[in-house]
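In what follows, a structure is listed as structure tokens, so that the remarks can point back to it.
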Amino acid sequence: MGKFMKLVQNENMKIYRRIRTWIMLGFIIGLPILISVGKLLTSDSNTTSSWGMMHIESVFSFILIIIFTVVIASETVAGEFTWGTIKLLLIRPWSRSAILLSKYISTMLFALFLTVIAFAVTYLINFALFGSSQAGEILGGFGGLSNGEFMLKFYLFQFISLIIIVTFGFMMSSAFRSSGLAIGLSISLLFAGSIVTGILASSDKKWVEYVLFMHLDLTTYINNPKGSISNHPMSLGFSLAVLAGYFILFNAISWTVFKKRDVAA
Amino acid sequence: MSQAPVVRLQNVTKVIGKRTIIDRVSFEVQPGEVFGFLGPNGSGKTTTIRMIVGLMGMTAGDIHVGNHSVRTEFPLAIEQVGAIVENPEMYKFLTGYQNLLHYARMNPSITKERIQEVVKLVGLEGRIHDKVKKYSLGMRQRLGVAQAVMHRPKLLVLDEPTNGLDPAGIRELRDYLRRLAQDEGTAVLVSSHLLSEMELMCDRVAILQKGQIIDIRSIRGQEGDVAATSEEVLFDVDHPDAALGILEGQGTGKIVDGTLSLSLDRAGIAAVNRRLVEAGINVYGIRVKIKSLEDQFLEMTGSDKIG
């Protein structure tokens, strides 16, 4: 086990020794600060809700986190093929599964790292600038959740969606060995999601409830236990089960392709 | 050579689609032996090497490194192998040292001291903490050698190792490989299409064509022994035509590019020389035409088209 952690350590080195990674981090930290300072300068701070600001900024931050993590996930496998380093990586006394797992874990740790940073930054900057006294806005709606509970749930649910999209990117990276294609398809998954959901929502067919896109935004369950699609009332448990199915499918494909692949050229 | 072979290929076959890329290739490499793998482009050298190091699967047959099958006990087999497959590609955004550390972490037997030792061995002490993107090709080759020998492998596999090296670099690599084979008993498997290079480097070579081994032969102890058998001998003289007339009846002679060419044994060379001198013809040089590996190779593989 200790030996395996060295593989993860290697993958982490390949992520954090690149300037690019720190630029990404700069965006995650800088963007909420920029928005909050802008808000402070343009409006009366007494009417601004810290929780409300945190919520808005977190929505932005998560889009960035998904894009950045997808870039990392796509390059962790496809990059090795592009650079040619895969040839030296796979001739070590480790199975291909172990090497792929170390890459997956380091990618997920990166996702977690950015998420924690985003939570801390959006919380600290808004409470520093706007204070906690006028936390007038109630994010929890009629669900009876406190603002803090709402934000924690928001981050948890967003993180689950993040895992699914990143796992998809990871699979694409492993299957196509092209980081560009993997990044492109994963990001389009993110943005096409709401469009496809809109189209499918009007359908009365039962099977649309099993389409991945219908479950990528879990945050609708925070204030509405049946979800936001009135035609297809579903539950959080059902969505999680569907996502788990896709999660297993994506990983099964990644692993099968990576294990079988001949490394030519 | 009664020792157990370091690597043993048995009827290794690779079929991609309907094409048989590698067809029942079998050979063994002994400890301390430098074994060359020779063949025109597209003959399957690289594919065979990739199967040995597990980068490609095989359709049939098996490869053993030591006692371990590459197929079924990959980690145990590969532990004893160090390799550079084609150009040594490194992580350019890491330093040379970080690259070595990366591979060292994957092999528990490598200590920090060993990394330093290897760095010194390949002569990169001064630049090891620079980013690899600032390295020249020669320096990347050295780093490639360093990562391949760090864990003291029993088998060193090098695919086209002299690609992109300058003559001094090639010579250095050759000397190093020979030393490694002699002093540490490492078996070295080298592939190349540079025949003259292989001739200097290897003990034995296998010649591969269209995925099949057409010959395996020893290289050492073959040069320069002008035996009792007839060899082609070239005489550099001032009047080749006149000389040919004088030698009428002395075996089959012909004129090639202005030099006199005869098929003679050892005694015959002296006899012909004496007769030419006695006839007043100036002899500027006599040399036995040794068939180089290149000639032999081209003779065997012909000018076949790739594929």
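If you're wondering about the labels, chains in the structure tokens are A, B, ... by order shown, residues count from 1 in each chain, ligands from 1 in order shown.
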(Q) I need the contact residues of chain A against chain B, so if you could list those with any atom within 6 Å, counting only C-alpha atoms, and return them as a PyMOL selection string, that would help. (A) chain A and resi 6+10+84-85+93-94+262-263
Produce a file of the selected residues containing C-alpha atoms, as a PDB file, in the first residue's frame.
```pdb
ATOM      1  CA  LYS A   6       4.424   6.339  -4.390  1.00  0.00           C
ATOM      2  CA  ASN A  10       4.465  10.463  -8.939  1.00  0.00           C
ATOM      3  CA  GLY A  84       5.846   9.210 -25.585  1.00  0.00           C
ATOM      4  CA  THR A  85       6.557   8.756 -21.889  1.00  0.00           C
ATOM      5  CA  PRO A  93       7.113  -3.625 -12.083  1.00  0.00           C
ATOM      6  CA  TRP A  94       3.486  -2.528 -11.784  1.00  0.00           C
ATOM      7  CA  ASP A 262      -0.916  -2.189 -27.551  1.00  0.00           C
ATOM      8  CA  VAL A 263       1.460   0.701 -27.190  1.00  0.00           C
TER       9      VAL A 263
END
```
Q | Surrounding residues of A:Val196 excluding itself and chain neighbours under 6 positions, 12 Å, only C-alpha atoms, as a list in words | A |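 Here the qualifying residues turn out to be Ser188, Leu189, Leu190, Ser202, Ser203, Val208, Val211, Leu212, Phe213, Met214, His215 and Leu216 of chain A.
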Q | Surrounding residues of stretch 152-158 of chain A excluding itself and chain neighbours under 4 positions, 10 Å, only C-alpha atoms, as a ChimeraX atom specification | A | /A:55,58-59,62-63,66,115-116,118-119,145,147-148,162-163,216-222,236,240
Q. So which residues touch A:Ala120 within 12 Å, counting only C-alpha atoms, skipping near sequence neighbours fewer than 4 positions away, as a PyMOL selection string?
A. chain A and resi 28-29+32-33+54+57-58+61+113-116+124-128+151-152+155
Keeping only N, CA and C atoms, write those residues as a PDB file, in the first residue's frame.
```
ATOM      1  N   ILE A  28      -9.169  30.012  -9.543  1.00  0.00           N
ATOM      2  CA  ILE A  28     -10.131  29.590  -8.531  1.00  0.00           C
ATOM      3  C   ILE A  28     -10.101  30.543  -7.337  1.00  0.00           C
ATOM      4  N   ILE A  29      -8.923  31.031  -7.008  1.00  0.00           N
ATOM      5  CA  ILE A  29      -8.806  31.956  -5.882  1.00  0.00           C
ATOM      6  C   ILE A  29      -9.177  33.376  -6.309  1.00  0.00           C
ATOM      7  N   PRO A  32     -13.455  34.640  -7.411  1.00  0.00           N
ATOM      8  CA  PRO A  32     -14.406  35.068  -6.375  1.00  0.00           C
ATOM      9  C   PRO A  32     -13.990  36.396  -5.736  1.00  0.00           C
ATOM     10  N   ILE A  33     -12.698  36.580  -5.538  1.00  0.00           N
ATOM     11  CA  ILE A  33     -12.226  37.828  -4.941  1.00  0.00           C
ATOM     12  C   ILE A  33     -12.582  39.001  -5.840  1.00  0.00           C
ATOM     13  N   MET A  54     -21.729  34.044  -1.987  1.00  0.00           N
ATOM     14  CA  MET A  54     -20.972  32.797  -1.988  1.00  0.00           C
ATOM     15  C   MET A  54     -21.608  31.804  -2.954  1.00  0.00           C
ATOM     16  N   GLU A  57     -20.938  32.901  -6.654  1.00  0.00           N
ATOM     17  CA  GLU A  57     -19.539  32.675  -7.032  1.00  0.00           C
ATOM     18  C   GLU A  57     -19.221  31.186  -7.123  1.00  0.00           C
ATOM     19  N   SER A  58     -19.845  30.396  -6.254  1.00  0.00           N
ATOM     20  CA  SER A  58     -19.580  28.957  -6.266  1.00  0.00           C
ATOM     21  C   SER A  58     -20.065  28.315  -7.555  1.00  0.00           C
ATOM     22  N   SER A  61     -17.383  29.095  -9.874  1.00  0.00           N
ATOM     23  CA  SER A  61     -16.177  28.338  -9.517  1.00  0.00           C
ATOM     24  C   SER A  61     -16.287  26.897  -9.972  1.00  0.00           C
ATOM     25  N   PHE A 113      -9.082  19.051  -4.049  1.00  0.00           N
ATOM     26  CA  PHE A 113      -8.247  20.186  -3.665  1.00  0.00           C
ATOM     27  C   PHE A 113      -8.873  21.500  -4.159  1.00  0.00           C
ATOM     28  N   LEU A 114      -9.236  21.551  -5.437  1.00  0.00           N
ATOM     29  CA  LEU A 114      -9.832  22.772  -5.984  1.00  0.00           C
ATOM     30  C   LEU A 114     -11.166  23.073  -5.305  1.00  0.00           C
ATOM     31  N   THR A 115     -11.957  22.036  -5.024  1.00  0.00           N
ATOM     32  CA  THR A 115     -13.264  22.247  -4.399  1.00  0.00           C
ATOM     33  C   THR A 115     -13.117  22.842  -2.998  1.00  0.00           C
ATOM     34  N   VAL A 116     -12.183  22.289  -2.237  1.00  0.00           N
ATOM     35  CA  VAL A 116     -11.958  22.805  -0.881  1.00  0.00           C
ATOM     36  C   VAL A 116     -11.469  24.246  -0.939  1.00  0.00           C
ATOM     37  N   LEU A 124     -14.577  32.898   2.867  1.00  0.00           N
ATOM     38  CA  LEU A 124     -13.766  33.891   3.576  1.00  0.00           C
ATOM     39  C   LEU A 124     -13.897  35.286   2.976  1.00  0.00           C
ATOM     40  N   ILE A 125     -13.838  35.383   1.635  1.00  0.00           N
ATOM     41  CA  ILE A 125     -13.837  36.717   1.031  1.00  0.00           C
ATOM     42  C   ILE A 125     -15.170  37.418   1.291  1.00  0.00           C
ATOM     43  N   ASN A 126     -16.287  36.674   1.206  1.00  0.00           N
ATOM     44  CA  ASN A 126     -17.582  37.319   1.361  1.00  0.00           C
ATOM     45  C   ASN A 126     -17.867  37.711   2.799  1.00  0.00           C
ATOM     46  N   PHE A 127     -17.459  36.845   3.727  1.00  0.00           N
ATOM     47  CA  PHE A 127     -17.688  37.224   5.121  1.00  0.00           C
ATOM     48  C   PHE A 127     -16.725  38.304   5.571  1.00  0.00           C
ATOM     49  N   ALA A 128     -15.565  38.393   4.933  1.00  0.00           N
ATOM     50  CA  ALA A 128     -14.627  39.461   5.250  1.00  0.00           C
ATOM     51  C   ALA A 128     -15.152  40.786   4.720  1.00  0.00           C
ATOM     52  N   MET A 151     -25.176  25.494   1.603  1.00  0.00           N
ATOM     53  CA  MET A 151     -23.914  25.574   0.861  1.00  0.00           C
ATOM     54  C   MET A 151     -23.143  24.264   0.920  1.00  0.00           C
ATOM     55  N   LEU A 152     -23.162  23.616   2.091  1.00  0.00           N
ATOM     56  CA  LEU A 152     -22.454  22.336   2.203  1.00  0.00           C
ATOM     57  C   LEU A 152     -23.058  21.306   1.255  1.00  0.00           C
ATOM     58  N   TYR A 155     -22.111  22.121  -2.349  1.00  0.00           N
ATOM     59  CA  TYR A 155     -20.756  21.666  -2.703  1.00  0.00           C
ATOM     60  C   TYR A 155     -20.699  20.155  -2.854  1.00  0.00           C
TER      61      TYR A 155
END
```
Q.
Please return, as number ranges by chain, all residues of stretch 86-177 of chain B that DSSP assigns to strand (DSSP E) on the basis of the backbone.
A. B: 155-159
Q: Once DSSP has gone over the backbone, tell me which residues of stretch 18-252 of chain A are in alpha helix (DSSP H), as a PyMOL selection string.
A: chain A and resi 19-42+50-83+86-89+96-130+147-176+179-201+220-223+236-252
(Q) Using Å and a single decimal, report how far atom CA of A:Leu249 sits from atom CA of A:Leu100. (A)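 Those two atoms sit 15.7 Å apart.
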